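**Student:** Quick one: the structure is below, questions incoming.
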Amino acid sequence: GASTLYGPHTLSAYTQEFKKLATALVSGTIVQQGPQPPDLLDKQLSLVPPVVVDLTPIGVKFGEIRTDVPQSSSYRKGDKVAVSFWSACPRNDLMTEGTFSLVEALDDTRTWIPAYDDDDFCLLFQWSRPARLSGVSHATIEWSIPETAVPGVYRISHFGCAKSIFGSMHHFSGSSSAFVVL
């Protein structure tokens with residue numbers, strides 16, 4: 001089991017209220033807003049340790065390519081393309097209204113257009129911090145090219161947010177070299 005906001009009668013309460021809403025939708029009746037649930041965010045405990053700092057090796061910036069696609073490479077539908085970026089802990093910003101990974105296609109006007117993102121099963125985002133006590137980490141993005149992919153020029157992009165030693169956050173992005181899907 002788990003805990004619920006309204007105790008053991010939560011399901012009954014939800015069923016009652018959803019029944020009222022469904023009836024109002026069918027009859028076109030306006031429903032008055034009810035009370036809001038309490039905001040308990042400041043009362044929650046977290047057992048996940050906070051991010052202390054994110055770092056990159058000297059001379060490297062967040063979002064820079066760690067492992068790129070081979071220059072002038074081409075792939076077929078069904079192939080996998082993997083790119084690795086110098087990154088930061090994803091818990092700094094969950095990108096709720098954005099994305100950590102993106103596959104972009106080059107259109108006829110030479111503009112990069114989003115084609116696949118975190119919502120697509122063909123795109124896998126993996127973050128790792130190889131040394132447990134180090135602030136250095138990287139993200140690997142792997143695209144399994146679907147059979148529905150349109151032939152053309154593509155690139156893989158990564159977005160993130162890094163935390164400095166003083167606690168300030170800054171967003172970053174990086175993109176792979178272009179490659180062709182046949």
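By convention in this document, the chains of the structure tokens carry letters A, B, ... by their order, each chain's residues are numbered from 1, and ligands are numbered from 1 in the order they are shown.
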Write out as a PyMOL selection string all residues of chain A that backbone DSSP assigns to alpha helix (DSSP H).
**Tutor:** chain A and resi 10-27
**Student:** Please dump the current selection as a JSON list (two decimals), in the first residue's frame; keep C-alpha atoms.
**Tutor:**
```json
[["chain", "number", "residue", "atom", "x", "y", "z"],
["A", 10, "THR", "CA", -9.81, 8.62, -1.34],
["A", 11, "LEU", "CA", -11.19, 6.41, -4.11],
["A", 12, "SER", "CA", -14.78, 6.94, -2.93],
["A", 13, "ALA", "CA", -14.23, 10.71, -2.78],
["A", 14, "TYR", "CA", -12.72, 10.80, -6.29],
["A", 15, "THR", "CA", -15.56, 8.64, -7.66],
["A", 16, "GLN", "CA", -18.15, 10.96, -6.09],
["A", 17, "GLU", "CA", -16.54, 14.09, -7.53],
["A", 18, "PHE", "CA", -15.89, 12.64, -10.99],
["A", 19, "LYS", "CA", -19.54, 11.52, -11.14],
["A", 20, "LYS", "CA", -20.61, 15.12, -10.37],
["A", 21, "LEU", "CA", -18.27, 16.45, -13.08],
["A", 22, "ALA", "CA", -19.45, 13.94, -15.68],
["A", 23, "THR", "CA", -23.10, 14.76, -14.96],
["A", 24, "ALA", "CA", -22.36, 18.50, -15.23],
["A", 25, "LEU", "CA", -20.54, 17.98, -18.55],
["A", 26, "VAL", "CA", -23.48, 16.06, -20.04],
["A", 27, "SER", "CA", -26.08, 18.58, -18.82]]
```
**Student:** So which bits of chain A end up strand (DSSP E or B) when you DSSP the backbone, as a ChimeraX atom specification?
**Tutor:** /A:55,65-67,74-75,80-87,101-106,112-117,123-128,136-144,152-163,169-175,179-181
**Student:** Here is a test: counting only C-alpha atoms, which residue of A:Val53, A:Leu106, A:Met169, A:Val81 is nearest to Ile145 (chain A)?
**Tutor:** A:Val81
**Student:** Mind pulling up the distance from CA of Gln71 (chain A) to CA of Ala178 (chain A)?
**Tutor:**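 Pair CA of Ala178 (chain A) / CA of Gln71 (chain A) returns 8.0 Å.
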**Student:** Please report the interatomic distance between CA of Lys163 (chain A) and CA of Lys61 (chain A) in Å with one decimal.
**Tutor:**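 Distance between the two atoms: 12.9 Å.
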**Student:** Report, in Å with one decimal, the straight-line distance from CA of Leu55 (chain A) to CA of Trp112 (chain A).
**Tutor:**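 Between CA of Leu55 (chain A) and CA of Trp112 (chain A) the gap works out to 29.0 Å.
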**Student:** Which residues come within 6 Å of Glu142 (chain A), counting only C-alpha atoms, excluding same-chain residues fewer than 3 positions away, as a list of chain:residue names?
**Tutor:**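 In the requested form, the answer reads A:Val81, A:Ala82, A:Leu123, A:Leu124.
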**Student:** Once you have the residues from the selection above, write them out as a PDB file, in the first residue's frame, restricted to N, CA and C atoms.
**Tutor:**
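Final output, saved to again_12.pdb:
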```pdb
ATOM      1  N   VAL A  81      21.929   5.377 -33.307  1.00  0.00           N
ATOM      2  CA  VAL A  81      22.912   6.457 -33.301  1.00  0.00           C
ATOM      3  C   VAL A  81      23.083   6.883 -31.850  1.00  0.00           C
ATOM      4  N   ALA A  82      24.323   6.916 -31.360  1.00  0.00           N
ATOM      5  CA  ALA A  82      24.579   7.309 -29.974  1.00  0.00           C
ATOM      6  C   ALA A  82      25.562   8.463 -29.930  1.00  0.00           C
ATOM      7  N   LEU A 123      13.900   7.236 -28.538  1.00  0.00           N
ATOM      8  CA  LEU A 123      14.990   8.070 -28.033  1.00  0.00           C
ATOM      9  C   LEU A 123      15.256   7.742 -26.569  1.00  0.00           C
ATOM     10  N   LEU A 124      16.498   7.389 -26.261  1.00  0.00           N
ATOM     11  CA  LEU A 124      16.877   6.988 -24.908  1.00  0.00           C
ATOM     12  C   LEU A 124      17.891   7.980 -24.347  1.00  0.00           C
TER      13      LEU A 124
END
```
**Student:** Using only C-alpha atoms, what does the table of region 75-148 of chain A residues within 10 Å of region 65-69 of chain A look like, with each row giving the shortest atom pair and its distance in Å to one decimal, sorted by chain and ascending number, as a tab-separated table?
**Tutor:**
```
residue	atom	partner	partner_atom	distance
A:Val81	CA	A:Val69	CA	7.4
A:Ala82	CA	A:Val69	CA	7.1
A:Val83	CA	A:Asp68	CA	5.2
A:Ser84	CA	A:Thr67	CA	4.8
A:Phe85	CA	A:Ile65	CA	4.5
A:Trp86	CA	A:Arg66	CA	5.9
A:Ser87	CA	A:Ile65	CA	9.4
A:His138	CA	A:Arg66	CA	7.9
A:Ala139	CA	A:Arg66	CA	9.0
A:Thr140	CA	A:Thr67	CA	8.7
```
**Student:** For Val153 (chain A), which of A:His171, A:Arg129, A:Arg91, A:Arg76 is the closest residue, counting only C-alpha atoms?
**Tutor:**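 Once distances to Val153 (chain A) are computed over only C-alpha atoms, the minimum belongs to A:Arg76.
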**Student:** Quick one: residues within 7 Å of Leu182 (chain A), only C-alpha atoms counted, chain neighbours fewer than 2 positions away excluded, as a VMD selection string?
**Tutor:** chain A and resid 74 to 76 151 to 152 180
**Student:** Give me a file of those residues, with C-alpha atoms, as an mmCIF file, in the first residue's frame.
**Tutor:**
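Result saved to part.cif:
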```
data_model
loop_
_atom_site.group_PDB
_atom_site.id
_atom_site.type_symbol
_atom_site.label_atom_id
_atom_site.label_comp_id
_atom_site.auth_asym_id
_atom_site.auth_seq_id
_atom_site.Cartn_x
_atom_site.Cartn_y
_atom_site.Cartn_z
ATOM 1 C CA SER A 74 24.989 7.875 -42.699
ATOM 2 C CA TYR A 75 22.529 5.488 -41.093
ATOM 3 C CA ARG A 76 19.564 3.400 -42.166
ATOM 4 C CA PRO A 151 15.208 10.332 -44.971
ATOM 5 C CA GLY A 152 17.302 13.461 -44.490
ATOM 6 C CA VAL A 180 22.283 11.426 -42.814
#
```
**Student:** Give me the residues within 9 Å of Pro90 (chain A) as a PyMOL selection string, counting only C-alpha atoms and dropping any in the same chain fewer than 6 places off.
**Tutor:** chain A and resi 100+127+160-162
**Student:** Just to be explicit: take each residue in the selection above, keep C-alpha atoms, and write the result as a PDB file, in the first residue's frame.
**Tutor:**
```pdb
ATOM      1  CA  PHE A 100      16.684  16.627 -22.101  1.00  0.00           C
ATOM      2  CA  TRP A 127      22.815  10.121 -17.403  1.00  0.00           C
ATOM      3  CA  GLY A 160      20.459  20.555 -19.162  1.00  0.00           C
ATOM      4  CA  CYS A 161      21.051  22.733 -16.127  1.00  0.00           C
ATOM      5  CA  ALA A 162      24.292  22.843 -14.127  1.00  0.00           C
TER       6      ALA A 162
END
```
**Student:** Region 113-122 of chain A: which residues within 8 Å, counting only C-alpha atoms, same-chain residues fewer than 5 positions away excluded, as a list in words?
**Tutor:**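 After dropping sequence-adjacent residues, the list is Thr99, Phe100, Ser101, Leu102, Val103, Glu104, Ala105, Leu106, Asp107, Trp143, Ser144, Ile145 and Pro146 of chain A.
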**Student:** Which residue is closest to Val181 (chain A)? Choose from A:Asp54, A:Asp108, A:Glu97, A:Asp79 and count only C-alpha atoms.
**Tutor:**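 For Val181 (chain A), the nearest of the candidates is A:Asp79.
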**Student:** Which is closest to Phe62 (chain A) among A:Pro37, A:Gly174, A:Pro8, A:Gly167, if we use only C-alpha atoms?
**Tutor:**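 Of A:Pro37, A:Gly174, A:Pro8, A:Gly167, the one nearest Phe62 (chain A) is A:Gly174, counting only C-alpha atoms.
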